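A.B. asks: Submitted below is the structure of interest, expressed as structure tokens.
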Amino acid sequence: MAALNLNANLPVYIQWPDDAALTLIQRRRAYQPLFTTTRLHNQNQLWRGIARDIRNNHIFRPTRKQCREKWNALKSGYENLERLINRNPEGYPTRTPTLHDERFHQELSDEFWRVKRWIVGHTSIESAGALAPDPPTTTESAGALVLDLLTTESAGALVLDLPTTESVGALTDVIDFLFFILLF
């Protein structure tokens, strides 16, 4: 007779080493353009890539699901600590911050994940049909690359301060990203 596994549905909690958690944040930041243009149900491959990057650089061996769960915990912890720092003006429930909430608060303070979708020129990357956006423009005097984007609140513009000599490299990165999306 087979034995029953009573622990089968219990969650498994793992302790993330600080260096692996920092790599998770850094890789999630690097993958941000892909997360903004990939449908939620298709993001497993992105998480798989992040998990692979962590496994390649650390002894720690997380799965894609563990990476996604840790990322959500880090975001939640950041938002909780922000509420505590700002004396919780909205009155949301708060909890005692964890060590990772405190250690990685500064690393998350730019809230890079809040961008919903990149818009280059006036054509959405998620638009149907062929993608023929206006190329991003540079401002020579300011040495800035300007990308129009749509945030969760409203349409706006993101200005990335880049030295003029690096603007060509940034433009190349954007173009490479667009080609990757088309092939993905």
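Residues are referred to by chain and number: the chain letter is A, B, ... according to the order shown in the structure tokens, the number counts from 1 in that chain, and ligands are numbered separately from 1 in the order shown.
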Please provide the set of residues having any atom within 12 Å of range 89-92 of chain A, restricted to only C-alpha atoms, with same-chain residues fewer than 5 positions apart removed, written as a PDB file with all heavy atoms, in the first residue's frame.
C.D. replies:
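Written file, result_32.pdb:
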ATOM      1  N   GLU A  79       7.588  47.963  -1.103  1.00  0.00           N
ATOM      2  CA  GLU A  79       6.394  48.795  -0.980  1.00  0.00           C
ATOM      3  C   GLU A  79       5.956  48.926   0.478  1.00  0.00           C
ATOM      4  O   GLU A  79       5.544  50.003   0.919  1.00  0.00           O
ATOM      5  CB  GLU A  79       5.274  48.233  -1.857  1.00  0.00           C
ATOM      6  CG  GLU A  79       5.602  48.386  -3.340  1.00  0.00           C
ATOM      7  CD  GLU A  79       4.758  47.518  -4.254  1.00  0.00           C
ATOM      8  OE1 GLU A  79       3.997  46.657  -3.758  1.00  0.00           O
ATOM      9  OE2 GLU A  79       4.882  47.687  -5.482  1.00  0.00           O
ATOM     10  N   ASN A  80       6.063  47.853   1.237  1.00  0.00           N
ATOM     11  CA  ASN A  80       5.741  47.885   2.664  1.00  0.00           C
ATOM     12  C   ASN A  80       6.666  48.853   3.405  1.00  0.00           C
ATOM     13  O   ASN A  80       6.210  49.685   4.195  1.00  0.00           O
ATOM     14  CB  ASN A  80       5.857  46.480   3.255  1.00  0.00           C
ATOM     15  CG  ASN A  80       5.629  46.454   4.739  1.00  0.00           C
ATOM     16  OD1 ASN A  80       4.522  46.699   5.218  1.00  0.00           O
ATOM     17  ND2 ASN A  80       6.693  46.176   5.500  1.00  0.00           N
ATOM     18  N   LEU A  81       7.965  48.758   3.136  1.00  0.00           N
ATOM     19  CA  LEU A  81       8.925  49.632   3.806  1.00  0.00           C
ATOM     20  C   LEU A  81       8.712  51.092   3.391  1.00  0.00           C
ATOM     21  O   LEU A  81       8.829  51.996   4.224  1.00  0.00           O
ATOM     22  CB  LEU A  81      10.353  49.179   3.492  1.00  0.00           C
ATOM     23  CG  LEU A  81      11.472  49.834   4.291  1.00  0.00           C
ATOM     24  CD1 LEU A  81      11.218  49.770   5.794  1.00  0.00           C
ATOM     25  CD2 LEU A  81      12.804  49.184   3.948  1.00  0.00           C
ATOM     26  N   GLU A  82       8.375  51.317   2.131  1.00  0.00           N
ATOM     27  CA  GLU A  82       8.049  52.679   1.687  1.00  0.00           C
ATOM     28  C   GLU A  82       6.862  53.239   2.476  1.00  0.00           C
ATOM     29  O   GLU A  82       6.877  54.400   2.883  1.00  0.00           O
ATOM     30  CB  GLU A  82       7.717  52.700   0.186  1.00  0.00           C
ATOM     31  CG  GLU A  82       8.919  52.775  -0.711  1.00  0.00           C
ATOM     32  CD  GLU A  82       9.670  54.081  -0.587  1.00  0.00           C
ATOM     33  OE1 GLU A  82       9.115  55.156  -0.900  1.00  0.00           O
ATOM     34  OE2 GLU A  82      10.835  54.032  -0.156  1.00  0.00           O
ATOM     35  N   ARG A  83       5.839  52.418   2.673  1.00  0.00           N
ATOM     36  CA  ARG A  83       4.689  52.871   3.469  1.00  0.00           C
ATOM     37  C   ARG A  83       5.115  53.213   4.890  1.00  0.00           C
ATOM     38  O   ARG A  83       4.685  54.217   5.441  1.00  0.00           O
ATOM     39  CB  ARG A  83       3.599  51.799   3.479  1.00  0.00           C
ATOM     40  CG  ARG A  83       2.823  51.716   2.183  1.00  0.00           C
ATOM     41  CD  ARG A  83       1.559  50.897   2.321  1.00  0.00           C
ATOM     42  NE  ARG A  83       1.781  49.469   2.343  1.00  0.00           N
ATOM     43  CZ  ARG A  83       1.990  48.706   1.283  1.00  0.00           C
ATOM     44  NH1 ARG A  83       2.022  49.254   0.082  1.00  0.00           N
ATOM     45  NH2 ARG A  83       2.149  47.416   1.398  1.00  0.00           N
ATOM     46  N   LEU A  84       5.960  52.380   5.477  1.00  0.00           N
ATOM     47  CA  LEU A  84       6.420  52.641   6.841  1.00  0.00           C
ATOM     48  C   LEU A  84       7.254  53.915   6.912  1.00  0.00           C
ATOM     49  O   LEU A  84       7.087  54.725   7.829  1.00  0.00           O
ATOM     50  CB  LEU A  84       7.219  51.445   7.367  1.00  0.00           C
ATOM     51  CG  LEU A  84       6.419  50.166   7.609  1.00  0.00           C
ATOM     52  CD1 LEU A  84       7.356  48.995   7.907  1.00  0.00           C
ATOM     53  CD2 LEU A  84       5.429  50.363   8.739  1.00  0.00           C
TER      54      LEU A  84
END
A.B. asks: List the neighbours of range 56-63 of chain A out to 12 Å using only C-alpha atoms; skip same-chain residues closer than 4 positions along the sequence, and give me the result as a PDB file with N, CA, C and O atoms, in the first residue's frame.
C.D. replies:
ATOM      1  N   TYR A  13       9.738  27.041   1.903  1.00  0.00           N
ATOM      2  CA  TYR A  13      10.406  28.330   2.004  1.00  0.00           C
ATOM      3  C   TYR A  13      11.908  28.111   1.973  1.00  0.00           C
ATOM      4  O   TYR A  13      12.431  27.252   2.665  1.00  0.00           O
ATOM      5  N   ILE A  14      12.571  28.890   1.132  1.00  0.00           N
ATOM      6  CA  ILE A  14      14.017  28.790   1.038  1.00  0.00           C
ATOM      7  C   ILE A  14      14.617  30.129   1.432  1.00  0.00           C
ATOM      8  O   ILE A  14      14.004  31.179   1.246  1.00  0.00           O
ATOM      9  N   GLN A  15      15.794  30.090   1.993  1.00  0.00           N
ATOM     10  CA  GLN A  15      16.512  31.309   2.365  1.00  0.00           C
ATOM     11  C   GLN A  15      17.420  31.707   1.217  1.00  0.00           C
ATOM     12  O   GLN A  15      18.323  30.954   0.852  1.00  0.00           O
ATOM     13  N   TRP A  16      17.171  32.873   0.633  1.00  0.00           N
ATOM     14  CA  TRP A  16      17.991  33.357  -0.467  1.00  0.00           C
ATOM     15  C   TRP A  16      19.242  34.022   0.086  1.00  0.00           C
ATOM     16  O   TRP A  16      19.151  34.926   0.926  1.00  0.00           O
ATOM     17  N   PRO A  17      20.416  33.640  -0.387  1.00  0.00           N
ATOM     18  CA  PRO A  17      21.636  34.366  -0.008  1.00  0.00           C
ATOM     19  C   PRO A  17      21.566  35.793  -0.560  1.00  0.00           C
ATOM     20  O   PRO A  17      20.963  36.040  -1.609  1.00  0.00           O
ATOM     21  N   ASP A  18      22.183  36.725   0.144  1.00  0.00           N
ATOM     22  CA  ASP A  18      22.144  38.124  -0.279  1.00  0.00           C
ATOM     23  C   ASP A  18      22.677  38.321  -1.697  1.00  0.00           C
ATOM     24  O   ASP A  18      22.087  39.066  -2.486  1.00  0.00           O
ATOM     25  N   ASP A  19      23.779  37.653  -2.031  1.00  0.00           N
ATOM     26  CA  ASP A  19      24.355  37.848  -3.365  1.00  0.00           C
ATOM     27  C   ASP A  19      23.423  37.327  -4.467  1.00  0.00           C
ATOM     28  O   ASP A  19      23.310  37.932  -5.528  1.00  0.00           O
ATOM     29  N   ALA A  20      22.726  36.246  -4.211  1.00  0.00           N
ATOM     30  CA  ALA A  20      21.778  35.715  -5.202  1.00  0.00           C
ATOM     31  C   ALA A  20      20.565  36.635  -5.323  1.00  0.00           C
ATOM     32  O   ALA A  20      20.055  36.853  -6.434  1.00  0.00           O
ATOM     33  N   ALA A  21      20.096  37.190  -4.201  1.00  0.00           N
ATOM     34  CA  ALA A  21      18.967  38.122  -4.245  1.00  0.00           C
ATOM     35  C   ALA A  21      19.348  39.392  -5.005  1.00  0.00           C
ATOM     36  O   ALA A  21      18.555  39.916  -5.792  1.00  0.00           O
ATOM     37  N   LEU A  22      20.572  39.871  -4.809  1.00  0.00           N
ATOM     38  CA  LEU A  22      21.035  41.043  -5.548  1.00  0.00           C
ATOM     39  C   LEU A  22      21.123  40.730  -7.037  1.00  0.00           C
ATOM     40  O   LEU A  22      20.710  41.539  -7.874  1.00  0.00           O
ATOM     41  N   THR A  23      21.620  39.559  -7.389  1.00  0.00           N
ATOM     42  CA  THR A  23      21.669  39.161  -8.794  1.00  0.00           C
ATOM     43  C   THR A  23      20.266  39.070  -9.377  1.00  0.00           C
ATOM     44  O   THR A  23      20.033  39.482 -10.516  1.00  0.00           O
ATOM     45  N   LEU A  24      19.319  38.562  -8.603  1.00  0.00           N
ATOM     46  CA  LEU A  24      17.928  38.506  -9.056  1.00  0.00           C
ATOM     47  C   LEU A  24      17.436  39.903  -9.419  1.00  0.00           C
ATOM     48  O   LEU A  24      16.844  40.108 -10.487  1.00  0.00           O
ATOM     49  N   ARG A  27      19.276  41.135 -12.621  1.00  0.00           N
ATOM     50  CA  ARG A  27      18.817  40.461 -13.831  1.00  0.00           C
ATOM     51  C   ARG A  27      17.386  40.861 -14.181  1.00  0.00           C
ATOM     52  O   ARG A  27      17.048  41.025 -15.340  1.00  0.00           O
ATOM     53  N   ASN A  44       7.196  32.966 -18.470  1.00  0.00           N
ATOM     54  CA  ASN A  44       7.937  31.857 -17.861  1.00  0.00           C
ATOM     55  C   ASN A  44       9.343  31.722 -18.441  1.00  0.00           C
ATOM     56  O   ASN A  44      10.297  31.424 -17.717  1.00  0.00           O
ATOM     57  N   GLN A  45       9.483  31.950 -19.730  1.00  0.00           N
ATOM     58  CA  GLN A  45      10.790  31.828 -20.364  1.00  0.00           C
ATOM     59  C   GLN A  45      11.746  32.902 -19.834  1.00  0.00           C
ATOM     60  O   GLN A  45      12.937  32.647 -19.661  1.00  0.00           O
ATOM     61  N   LEU A  46      11.224  34.092 -19.550  1.00  0.00           N
ATOM     62  CA  LEU A  46      12.069  35.150 -18.985  1.00  0.00           C
ATOM     63  C   LEU A  46      12.551  34.757 -17.591  1.00  0.00           C
ATOM     64  O   LEU A  46      13.730  34.927 -17.258  1.00  0.00           O
ATOM     65  N   TRP A  47      11.640  34.231 -16.781  1.00  0.00           N
ATOM     66  CA  TRP A  47      12.015  33.789 -15.430  1.00  0.00           C
ATOM     67  C   TRP A  47      12.999  32.621 -15.494  1.00  0.00           C
ATOM     68  O   TRP A  47      13.905  32.515 -14.668  1.00  0.00           O
ATOM     69  N   ARG A  48      12.832  31.759 -16.477  1.00  0.00           N
ATOM     70  CA  ARG A  48      13.762  30.645 -16.650  1.00  0.00           C
ATOM     71  C   ARG A  48      15.167  31.173 -16.947  1.00  0.00           C
ATOM     72  O   ARG A  48      16.167  30.678 -16.411  1.00  0.00           O
ATOM     73  N   GLY A  49      15.252  32.211 -17.766  1.00  0.00           N
ATOM     74  CA  GLY A  49      16.550  32.821 -18.073  1.00  0.00           C
ATOM     75  C   GLY A  49      17.183  33.465 -16.854  1.00  0.00           C
ATOM     76  O   GLY A  49      18.396  33.353 -16.641  1.00  0.00           O
ATOM     77  N   ILE A  50      16.388  34.119 -16.038  1.00  0.00           N
ATOM     78  CA  ILE A  50      16.903  34.731 -14.815  1.00  0.00           C
ATOM     79  C   ILE A  50      17.404  33.657 -13.860  1.00  0.00           C
ATOM     80  O   ILE A  50      18.488  33.782 -13.277  1.00  0.00           O
ATOM     81  N   ALA A  51      16.636  32.590 -13.700  1.00  0.00           N
ATOM     82  CA  ALA A  51      17.062  31.485 -12.825  1.00  0.00           C
ATOM     83  C   ALA A  51      18.370  30.881 -13.325  1.00  0.00           C
ATOM     84  O   ALA A  51      19.278  30.597 -12.536  1.00  0.00           O
ATOM     85  N   ARG A  52      18.483  30.713 -14.626  1.00  0.00           N
ATOM     86  CA  ARG A  52      19.711  30.170 -15.216  1.00  0.00           C
ATOM     87  C   ARG A  52      20.896  31.100 -14.940  1.00  0.00           C
ATOM     88  O   ARG A  52      21.980  30.651 -14.571  1.00  0.00           O
ATOM     89  N   CYS A  67      12.342  32.187  -8.350  1.00  0.00           N
ATOM     90  CA  CYS A  67      12.786  33.527  -8.729  1.00  0.00           C
ATOM     91  C   CYS A  67      11.600  34.492  -8.793  1.00  0.00           C
ATOM     92  O   CYS A  67      11.661  35.602  -8.279  1.00  0.00           O
ATOM     93  N   ARG A  68      10.530  34.054  -9.428  1.00  0.00           N
ATOM     94  CA  ARG A  68       9.338  34.901  -9.540  1.00  0.00           C
ATOM     95  C   ARG A  68       8.752  35.200  -8.161  1.00  0.00           C
ATOM     96  O   ARG A  68       8.390  36.341  -7.861  1.00  0.00           O
ATOM     97  N   GLU A  69       8.690  34.195  -7.307  1.00  0.00           N
ATOM     98  CA  GLU A  69       8.144  34.390  -5.966  1.00  0.00           C
ATOM     99  C   GLU A  69       9.028  35.310  -5.131  1.00  0.00           C
ATOM    100  O   GLU A  69       8.524  36.180  -4.413  1.00  0.00           O
ATOM    101  N   LYS A  70      10.347  35.155  -5.235  1.00  0.00           N
ATOM    102  CA  LYS A  70      11.258  36.027  -4.495  1.00  0.00           C
ATOM    103  C   LYS A  70      11.152  37.451  -5.013  1.00  0.00           C
ATOM    104  O   LYS A  70      11.162  38.410  -4.240  1.00  0.00           O
ATOM    105  N   TRP A  71      11.047  37.610  -6.333  1.00  0.00           N
ATOM    106  CA  TRP A  71      10.892  38.940  -6.905  1.00  0.00           C
ATOM    107  C   TRP A  71       9.623  39.609  -6.366  1.00  0.00           C
ATOM    108  O   TRP A  71       9.650  40.767  -5.966  1.00  0.00           O
TER     109      TRP A  71
END
A.B. asks: Between A:Leu40, A:Gln66, A:Glu102, A:Asn72, which residue has the minimum interatomic distance to Ile85 in chain A, considering only C-alpha atoms?
C.D. replies: A:Glu102
A.B. asks: Compare A:Ser76, A:Ala30, A:Thr38, A:Lys65 by their minimum atom-to-atom distance to Thr96 in chain A, counting only C-alpha atoms, and give me the closest one.
C.D. replies: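 Checking each candidate against Thr96 in chain A, we get A:Ser76 as the closest.
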A.B. asks: Hey, can you check how far CA of Arg64 in chain A sits from CA of Arg95 in chain A?
C.D. replies: 26.5 Å
A.B. asks: Figure out the distance between CA of His105 in chain A and CA of Tyr78 in chain A, please, to one decimal in Å.
C.D. replies: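 According to the coordinates, CA of Tyr78 in chain A and CA of His105 in chain A are separated by 5.7 Å.
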A.B. asks: Quick one: pull the distance between CA of Arg87 in chain A and CA of Val115 in chain A, Å, one decimal.
C.D. replies: 25.1 Å
